[in-house]
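Participant: Data file start-v6.txt (compact mmCIF, C-alpha atoms) is appended below.
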# COMPACT_ATOMS: atom_id res chain seq x y z
CA MET S 1 -18.60 -173.23 9.27
CA ILE S 2 -19.97 -172.05 12.59
CA ALA S 3 -22.66 -173.94 14.51
CA ALA S 4 -24.70 -172.51 17.37
CA ILE S 5 -26.65 -174.63 19.84
CA VAL S 6 -29.19 -172.23 21.37
CA HIS S 7 -30.88 -173.17 24.66
CA ILE S 8 -34.34 -171.68 25.17
CA HIS S 9 -36.92 -171.89 27.97
CA VAL S 10 -40.31 -170.31 27.30
CA LYS S 11 -42.78 -169.05 29.91
CA ASP S 12 -45.71 -171.34 30.70
CA GLY S 13 -48.64 -170.73 28.38
CA PHE S 14 -46.58 -169.24 25.55
CA THR S 15 -45.34 -172.40 23.85
CA ASP S 16 -47.68 -172.26 20.84
CA GLN S 17 -46.90 -168.59 20.27
CA PHE S 18 -43.17 -169.31 20.46
CA ILE S 19 -43.41 -172.23 18.01
CA GLU S 20 -45.34 -170.13 15.50
CA ALA S 21 -42.72 -167.35 15.60
CA SER S 22 -39.87 -169.86 15.40
CA ILE S 23 -41.26 -171.73 12.39
CA ASP S 24 -41.57 -168.37 10.63
CA ASN S 25 -37.93 -167.67 11.51
CA HIS S 26 -36.91 -171.14 10.29
CA LEU S 27 -38.70 -170.84 6.94
CA HIS S 28 -36.99 -167.55 6.14
CA SER S 29 -33.59 -168.35 7.64
CA VAL S 30 -33.06 -171.50 5.55
CA GLN S 31 -33.40 -169.30 2.46
CA GLU S 32 -30.41 -167.16 3.46
CA ASP S 33 -27.39 -167.78 1.23
CA GLY S 34 -25.05 -168.40 4.15
CA ASN S 35 -27.37 -170.66 6.12
CA LEU S 36 -26.72 -174.40 6.17
CA ARG S 37 -29.21 -175.53 8.84
CA PHE S 38 -31.79 -173.95 11.11
CA ASP S 39 -33.41 -176.81 13.04
CA ILE S 40 -36.08 -176.17 15.67
CA LEU S 41 -36.20 -178.84 18.39
CA GLN S 42 -38.48 -179.25 21.41
CA HIS S 43 -37.44 -181.17 24.53
CA LYS S 44 -39.41 -184.40 24.83
CA ASP S 45 -39.50 -184.21 28.64
CA ASN S 46 -40.36 -180.50 28.88
CA PRO S 47 -42.37 -178.92 26.03
CA SER S 48 -41.51 -175.41 27.22
CA LYS S 49 -37.82 -176.01 26.45
CA PHE S 50 -36.38 -175.73 22.95
CA THR S 51 -33.05 -176.06 21.21
CA PHE S 52 -32.12 -174.37 17.95
CA TYR S 53 -29.36 -175.84 15.80
CA GLU S 54 -28.12 -173.08 13.52
CA VAL S 55 -25.23 -173.60 11.10
CA TYR S 56 -23.79 -170.84 8.93
CA ARG S 57 -20.93 -170.81 6.45
CA SER S 58 -19.15 -167.99 8.29
CA GLU S 59 -19.36 -165.53 11.16
CA GLU S 60 -20.19 -162.87 8.57
CA ASP S 61 -23.27 -164.87 7.55
CA VAL S 62 -24.35 -165.02 11.21
CA GLN S 63 -24.10 -161.23 11.38
CA LYS S 64 -26.16 -160.89 8.18
CA HIS S 65 -28.83 -163.17 9.73
CA ARG S 66 -29.09 -160.82 12.70
CA GLU S 67 -29.87 -157.93 10.37
CA THR S 68 -32.79 -159.64 8.63
CA ASP S 69 -36.42 -158.66 9.11
CA HIS S 70 -37.36 -162.23 10.04
CA TYR S 71 -34.75 -162.36 12.83
CA LYS S 72 -35.95 -159.02 14.21
CA ARG S 73 -39.57 -160.24 13.99
CA TRP S 74 -38.64 -163.41 15.91
CA ARG S 75 -36.79 -161.37 18.56
CA ALA S 76 -39.82 -159.12 19.05
CA ALA S 77 -42.03 -162.19 19.56
CA ALA S 78 -39.59 -164.27 21.63
CA ASP S 79 -37.90 -161.77 23.92
CA PRO S 80 -40.96 -161.04 26.11
CA ILE S 81 -41.80 -164.73 26.64
CA MET S 82 -38.46 -166.16 27.83
CA ALA S 83 -38.73 -167.93 31.22
CA THR S 84 -34.94 -167.64 31.62
CA PRO S 85 -32.37 -165.84 29.48
CA ARG S 86 -31.63 -167.92 26.38
CA PHE S 87 -28.02 -168.58 25.48
CA GLY S 88 -26.14 -169.94 22.51
CA VAL S 89 -22.96 -171.99 22.48
CA ALA S 90 -20.72 -171.51 19.43
CA HIS S 91 -19.09 -174.60 17.92
CA ASP S 92 -16.70 -175.61 15.20
CA VAL S 93 -18.04 -178.39 12.96
CA LEU S 94 -15.77 -181.45 12.92
CA ALA S 95 -18.14 -183.68 10.94
CA PRO S 96 -19.63 -183.89 8.43
CA ARG S 97 -16.97 -182.10 6.38
CA ASP S 98 -18.44 -183.37 3.12
CA ALA S 99 -20.12 -180.36 1.47
CA ALA S 100 -22.83 -182.61 -0.01
CA LEU S 101 -24.19 -183.31 3.46
CA TRP S 102 -24.76 -179.57 3.94
CA LYS S 103 -26.23 -178.88 0.52
CA LYS S 104 -29.80 -177.66 0.47
CA MET T 1 -38.00 -188.28 14.06
CA ILE T 2 -36.02 -188.15 17.27
CA ALA T 3 -33.10 -185.78 17.82
CA ALA T 4 -30.54 -186.08 20.59
CA ILE T 5 -28.27 -183.26 21.70
CA VAL T 6 -25.41 -184.99 23.55
CA HIS T 7 -23.21 -182.93 25.88
CA ILE T 8 -19.65 -184.23 26.30
CA HIS T 9 -16.63 -183.07 28.31
CA VAL T 10 -13.35 -184.91 27.69
CA LYS T 11 -10.42 -185.19 30.12
CA ASP T 12 -7.49 -182.88 29.46
CA GLY T 13 -4.98 -184.42 27.07
CA PHE T 14 -7.45 -186.80 25.42
CA THR T 15 -9.08 -184.46 22.90
CA ASP T 16 -7.30 -185.82 19.81
CA GLN T 17 -8.06 -189.40 20.80
CA PHE T 18 -11.71 -188.53 21.36
CA ILE T 19 -12.01 -186.77 18.00
CA GLU T 20 -10.48 -189.73 16.15
CA ALA T 21 -12.94 -192.17 17.79
CA SER T 22 -15.87 -189.82 17.15
CA ILE T 23 -15.10 -189.29 13.47
CA ASP T 24 -14.98 -193.08 13.07
CA ASN T 25 -18.40 -193.26 14.79
CA HIS T 26 -19.74 -190.49 12.54
CA LEU T 27 -18.54 -192.09 9.30
CA HIS T 28 -20.26 -195.38 10.11
CA SER T 29 -23.37 -193.95 11.77
CA VAL T 30 -24.37 -191.81 8.78
CA GLN T 31 -24.50 -195.02 6.74
CA GLU T 32 -27.19 -196.51 8.99
CA ASP T 33 -30.58 -196.66 7.25
CA GLY T 34 -32.39 -194.91 10.09
CA ASN T 35 -29.84 -192.14 10.62
CA LEU T 36 -30.60 -188.64 9.34
CA ARG T 37 -27.72 -186.68 10.93
CA PHE T 38 -24.74 -187.39 13.12
CA ASP T 39 -22.89 -184.07 13.50
CA ILE T 40 -19.78 -183.76 15.65
CA LEU T 41 -19.28 -180.26 17.10
CA GLN T 42 -16.51 -178.81 19.28
CA HIS T 43 -17.06 -175.81 21.57
CA LYS T 44 -15.19 -172.78 20.28
CA ASP T 45 -14.41 -171.52 23.81
CA ASN T 46 -13.38 -174.88 25.28
CA PRO T 47 -11.86 -177.49 22.91
CA SER T 48 -12.36 -180.26 25.48
CA LYS T 49 -16.15 -179.87 25.22
CA PHE T 50 -18.18 -181.41 22.39
CA THR T 51 -21.77 -181.64 21.27
CA PHE T 52 -23.20 -184.41 19.11
CA TYR T 53 -26.35 -183.77 17.09
CA GLU T 54 -27.88 -187.14 16.29
CA VAL T 55 -31.16 -187.48 14.40
CA TYR T 56 -32.87 -190.79 13.72
CA ARG T 57 -36.12 -191.67 11.99
CA SER T 58 -37.45 -193.52 15.04
CA GLU T 59 -36.65 -194.72 18.55
CA GLU T 60 -36.19 -198.20 17.06
CA ASP T 61 -33.42 -196.82 14.84
CA VAL T 62 -31.71 -195.34 17.92
CA GLN T 63 -31.78 -198.77 19.55
CA LYS T 64 -30.30 -200.36 16.41
CA HIS T 65 -27.51 -197.78 16.48
CA ARG T 66 -26.63 -198.83 20.03
CA GLU T 67 -26.16 -202.41 18.88
CA THR T 68 -23.68 -201.58 16.13
CA ASP T 69 -19.99 -202.46 16.27
CA HIS T 70 -19.02 -198.82 15.62
CA TYR T 71 -21.10 -197.56 18.55
CA LYS T 72 -19.56 -200.15 20.86
CA ARG T 73 -16.08 -199.24 19.55
CA TRP T 74 -16.77 -195.56 20.25
CA ARG T 75 -18.06 -196.37 23.77
CA ALA T 76 -14.90 -198.36 24.53
CA ALA T 77 -12.74 -195.42 23.43
CA ALA T 78 -14.85 -192.62 24.96
CA ASP T 79 -16.04 -194.01 28.30
CA PRO T 80 -12.61 -193.95 30.02
CA ILE T 81 -11.82 -190.37 28.95
CA MET T 82 -14.94 -188.48 30.08
CA ALA T 83 -14.14 -185.57 32.44
CA THR T 84 -17.78 -185.56 33.61
CA PRO T 85 -20.64 -187.94 32.79
CA ARG T 86 -21.97 -187.16 29.32
CA PHE T 87 -25.71 -186.75 28.86
CA GLY T 88 -28.12 -186.56 25.99
CA VAL T 89 -31.34 -184.56 25.73
CA ALA T 90 -34.07 -186.10 23.55
CA HIS T 91 -36.04 -183.75 21.30
CA ASP T 92 -38.90 -183.76 18.86
CA VAL T 93 -38.08 -182.09 15.55
CA LEU T 94 -40.43 -179.19 14.75
CA ALA T 95 -38.51 -177.96 11.69
CA PRO T 96 -37.51 -178.79 9.07
CA ARG T 97 -40.41 -181.13 8.38
CA ASP T 98 -39.56 -181.24 4.67
CA ALA T 99 -38.10 -184.70 4.03
CA ALA T 100 -35.81 -183.28 1.33
CA LEU T 101 -33.87 -181.36 3.97
CA TRP T 102 -33.08 -184.64 5.73
CA LYS T 103 -32.19 -186.58 2.60
CA LYS T 104 -28.68 -187.89 2.39
Show the structure stored in the file as structure tokens.
Facilitator:
Amino acid sequence: MIAAIVHIHVKDGFTDQFIEASIDNHLHSVQEDGNLRFDILQHKDNPSKFTFYEVYRSEEDVQKHRETDHYKRWRAAADPIMATPRFGVAHDVLAPRDAALWKK
Amino acid sequence: MIAAIVHIHVKDGFTDQFIEASIDNHLHSVQEDGNLRFDILQHKDNPSKFTFYEVYRSEEDVQKHRETDHYKRWRAAADPIMATPRFGVAHDVLAPRDAALWKK
């Protein structure tokens, strides 16, 4: 498993547009075979900041995600409205290791 | 729902000890009624850095978690071995909203 925590800061006035594009990305991404989670989170103390929690079975599955139409559609919507460059931090998953807790 | 992303940096030489204490915390926390996730992640590029992804049904459930014996046990093990102060960022959960994806 590979887990990415992605830190995102959206330009003022573009929050609703960003959420709409990200929910679309979420709904399609969770249907990918290799996807285990794709959670969209919004900072409570700053609604223009978001965190994505993306978990895939393998690095190969992450690469497949980046080739999908829905990822490209999200990029086209999100790229122009970043307040600062977004960045992801790659993680190993230590827990849960129980496959049932990742089943969809 | 309330989601916390907790950023943790452990002193050199204490990584194994921290993981053991955190897995214990995970195994007990996921059994709490109000807990929806308690994922323990380790940075791929720096094994002394960790991220916890903790999701609870409500703020009240977060408070209950902080009163548990397993949380206090984890605090006693983790507090002395932090390289820098850890911090959590509270989030609203925008997706998934489907309860089935949070079912345990």
Participant: Can you work out which one of S:Pro47, S:Gly34, S:Pro80, S:Pro85 has the shortest atom-to-atom distance to chain T, counting only C-alpha atoms?
Facilitator: S:Pro47
Participant: When the cut-off is 7 Å and we count only C-alpha atoms, which residues of chain S are near chain T, given as a PyMOL selection string?
Facilitator: chain S and resi 23+39-44+90-96+101+104
Participant: Around (-46.7, -164.1, 17.5), as given in the file, which residues come within 10 Å? Count only C-alpha atoms and list them as a CSV table (one decimal) with C-alpha atoms, keeping the file's coordinate frame.
Facilitator:
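This went into part-v5.csv:
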chain,number,residue,atom,x,y,z
S,14,PHE,CA,-46.6,-169.2,25.6
S,16,ASP,CA,-47.7,-172.3,20.8
S,17,GLN,CA,-46.9,-168.6,20.3
S,18,PHE,CA,-43.2,-169.3,20.5
S,19,ILE,CA,-43.4,-172.2,18.0
S,20,GLU,CA,-45.3,-170.1,15.5
S,21,ALA,CA,-42.7,-167.4,15.6
S,22,SER,CA,-39.9,-169.9,15.4
S,24,ASP,CA,-41.6,-168.4,10.6
S,73,ARG,CA,-39.6,-160.2,14.0
S,74,TRP,CA,-38.6,-163.4,15.9
S,76,ALA,CA,-39.8,-159.1,19.0
S,77,ALA,CA,-42.0,-162.2,19.6
S,78,ALA,CA,-39.6,-164.3,21.6
Participant: Could you fit chain S onto chain T with a least-squares superposition over all C-alpha atoms, matched one to one in order, and give me the transformed chain as a compact mmCIF listing (two decimals) with C-alpha atoms, keeping the file's coordinate frame?
Facilitator:
# COMPACT_ATOMS: atom_id res chain seq x y z
CA MET S 1 -38.00 -188.28 14.05
CA ILE S 2 -36.02 -188.16 17.27
CA ALA S 3 -33.10 -185.78 17.82
CA ALA S 4 -30.54 -186.09 20.60
CA ILE S 5 -28.26 -183.26 21.70
CA VAL S 6 -25.41 -184.99 23.55
CA HIS S 7 -23.20 -182.94 25.89
CA ILE S 8 -19.65 -184.24 26.30
CA HIS S 9 -16.63 -183.08 28.31
CA VAL S 10 -13.36 -184.91 27.71
CA LYS S 11 -10.42 -185.18 30.12
CA ASP S 12 -7.48 -182.86 29.45
CA GLY S 13 -4.99 -184.41 27.06
CA PHE S 14 -7.46 -186.79 25.42
CA THR S 15 -9.09 -184.46 22.89
CA ASP S 16 -7.31 -185.82 19.80
CA GLN S 17 -8.05 -189.40 20.81
CA PHE S 18 -11.71 -188.53 21.37
CA ILE S 19 -12.01 -186.77 17.99
CA GLU S 20 -10.48 -189.73 16.17
CA ALA S 21 -12.95 -192.17 17.77
CA SER S 22 -15.87 -189.82 17.14
CA ILE S 23 -15.10 -189.28 13.46
CA ASP S 24 -14.99 -193.07 13.08
CA ASN S 25 -18.39 -193.25 14.78
CA HIS S 26 -19.73 -190.47 12.54
CA LEU S 27 -18.55 -192.08 9.29
CA HIS S 28 -20.26 -195.37 10.11
CA SER S 29 -23.37 -193.94 11.77
CA VAL S 30 -24.37 -191.80 8.78
CA GLN S 31 -24.50 -195.01 6.74
CA GLU S 32 -27.19 -196.51 8.99
CA ASP S 33 -30.58 -196.67 7.26
CA GLY S 34 -32.39 -194.91 10.09
CA ASN S 35 -29.83 -192.16 10.61
CA LEU S 36 -30.60 -188.66 9.36
CA ARG S 37 -27.71 -186.69 10.92
CA PHE S 38 -24.72 -187.38 13.12
CA ASP S 39 -22.89 -184.06 13.51
CA ILE S 40 -19.77 -183.75 15.67
CA LEU S 41 -19.27 -180.26 17.10
CA GLN S 42 -16.51 -178.81 19.29
CA HIS S 43 -17.05 -175.82 21.58
CA LYS S 44 -15.17 -172.79 20.28
CA ASP S 45 -14.40 -171.52 23.80
CA ASN S 46 -13.38 -174.89 25.27
CA PRO S 47 -11.85 -177.50 22.93
CA SER S 48 -12.37 -180.27 25.49
CA LYS S 49 -16.15 -179.88 25.21
CA PHE S 50 -18.18 -181.41 22.39
CA THR S 51 -21.77 -181.65 21.27
CA PHE S 52 -23.20 -184.41 19.12
CA TYR S 53 -26.35 -183.77 17.09
CA GLU S 54 -27.88 -187.14 16.29
CA VAL S 55 -31.16 -187.48 14.40
CA TYR S 56 -32.87 -190.80 13.73
CA ARG S 57 -36.12 -191.67 11.99
CA SER S 58 -37.44 -193.51 15.05
CA GLU S 59 -36.65 -194.71 18.55
CA GLU S 60 -36.19 -198.18 17.06
CA ASP S 61 -33.41 -196.83 14.83
CA VAL S 62 -31.71 -195.34 17.91
CA GLN S 63 -31.79 -198.77 19.54
CA LYS S 64 -30.32 -200.37 16.40
CA HIS S 65 -27.50 -197.77 16.48
CA ARG S 66 -26.64 -198.82 20.02
CA GLU S 67 -26.18 -202.41 18.86
CA THR S 68 -23.68 -201.59 16.12
CA ASP S 69 -19.99 -202.44 16.28
CA HIS S 70 -19.02 -198.82 15.61
CA TYR S 71 -21.10 -197.55 18.55
CA LYS S 72 -19.56 -200.16 20.86
CA ARG S 73 -16.08 -199.24 19.56
CA TRP S 74 -16.77 -195.55 20.27
CA ARG S 75 -18.05 -196.37 23.78
CA ALA S 76 -14.90 -198.37 24.54
CA ALA S 77 -12.75 -195.41 23.45
CA ALA S 78 -14.85 -192.62 24.97
CA ASP S 79 -16.03 -194.01 28.30
CA PRO S 80 -12.60 -193.96 30.02
CA ILE S 81 -11.81 -190.37 28.96
CA MET S 82 -14.94 -188.48 30.09
CA ALA S 83 -14.14 -185.57 32.45
CA THR S 84 -17.78 -185.55 33.59
CA PRO S 85 -20.63 -187.94 32.78
CA ARG S 86 -21.97 -187.16 29.31
CA PHE S 87 -25.71 -186.77 28.88
CA GLY S 88 -28.13 -186.57 25.99
CA VAL S 89 -31.33 -184.57 25.75
CA ALA S 90 -34.06 -186.09 23.56
CA HIS S 91 -36.03 -183.75 21.30
CA ASP S 92 -38.90 -183.76 18.87
CA VAL S 93 -38.07 -182.09 15.54
CA LEU S 94 -40.42 -179.19 14.75
CA ALA S 95 -38.52 -177.97 11.69
CA PRO S 96 -37.50 -178.78 9.06
CA ARG S 97 -40.42 -181.11 8.35
CA ASP S 98 -39.59 -181.23 4.65
CA ALA S 99 -38.12 -184.69 3.99
CA ALA S 100 -35.80 -183.27 1.32
CA LEU S 101 -33.87 -181.36 3.97
CA TRP S 102 -33.10 -184.65 5.72
CA LYS S 103 -32.23 -186.64 2.61
CA LYS S 104 -28.68 -187.91 2.40
Participant: To test the calculation: enclose all listed atoms of stretch 27-45 of chain T in a box whose edges run along x, y and z, add 8 Å on each side, then state centre and edge lengths in Å to one decimal, as AutoDock Vina command-line options.
Facilitator:
--center_x -23.4 --center_y -184.1 --center_z 15.3 --size_x 34.0 --size_y 41.1 --size_z 33.1
Participant: Expressed in Å to a single decimal, how great is the separation between atom CA of S:Val10 and atom CA of S:Ser29?
Facilitator: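 A separation of 20.9 Å between them.
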Participant: How many Å lie between atom CA of S:Thr15 and atom CA of S:Phe87, rounded to one decimal?
Facilitator: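 Result for atom CA of S:Thr15 versus atom CA of S:Phe87: 17.8 Å, one decimal.
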Participant: In Å, with one decimal, what is the gap from atom CA of T:Gln63 to atom CA of T:Met1?
Facilitator: 13.4 Å
Participant: Using all atoms listed in the file, determine which residues lie at most 9 Å from T:Asn35, disregarding the query and same-chain residues fewer than 2 positions distant; provide the list as a ChimeraX atom specification.
Facilitator: /T:29-33,37-38,54-58,61-62,65
Participant: Only C-alpha atoms, please: the residues just picked out, written as a PDB file, keeping the file's coordinate frame.
Facilitator:
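And here is the file that came out, part17.pdb:
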ATOM      1  CA  SER T  29     -23.370-193.950  11.770  1.00  0.00           C
ATOM      2  CA  VAL T  30     -24.370-191.810   8.780  1.00  0.00           C
ATOM      3  CA  GLN T  31     -24.500-195.020   6.740  1.00  0.00           C
ATOM      4  CA  GLU T  32     -27.190-196.510   8.990  1.00  0.00           C
ATOM      5  CA  ASP T  33     -30.580-196.660   7.250  1.00  0.00           C
ATOM      6  CA  ARG T  37     -27.720-186.680  10.930  1.00  0.00           C
ATOM      7  CA  PHE T  38     -24.740-187.390  13.120  1.00  0.00           C
ATOM      8  CA  GLU T  54     -27.880-187.140  16.290  1.00  0.00           C
ATOM      9  CA  VAL T  55     -31.160-187.480  14.400  1.00  0.00           C
ATOM     10  CA  TYR T  56     -32.870-190.790  13.720  1.00  0.00           C
ATOM     11  CA  ARG T  57     -36.120-191.670  11.990  1.00  0.00           C
ATOM     12  CA  SER T  58     -37.450-193.520  15.040  1.00  0.00           C
ATOM     13  CA  ASP T  61     -33.420-196.820  14.840  1.00  0.00           C
ATOM     14  CA  VAL T  62     -31.710-195.340  17.920  1.00  0.00           C
ATOM     15  CA  HIS T  65     -27.510-197.780  16.480  1.00  0.00           C
TER      16      HIS T  65
END
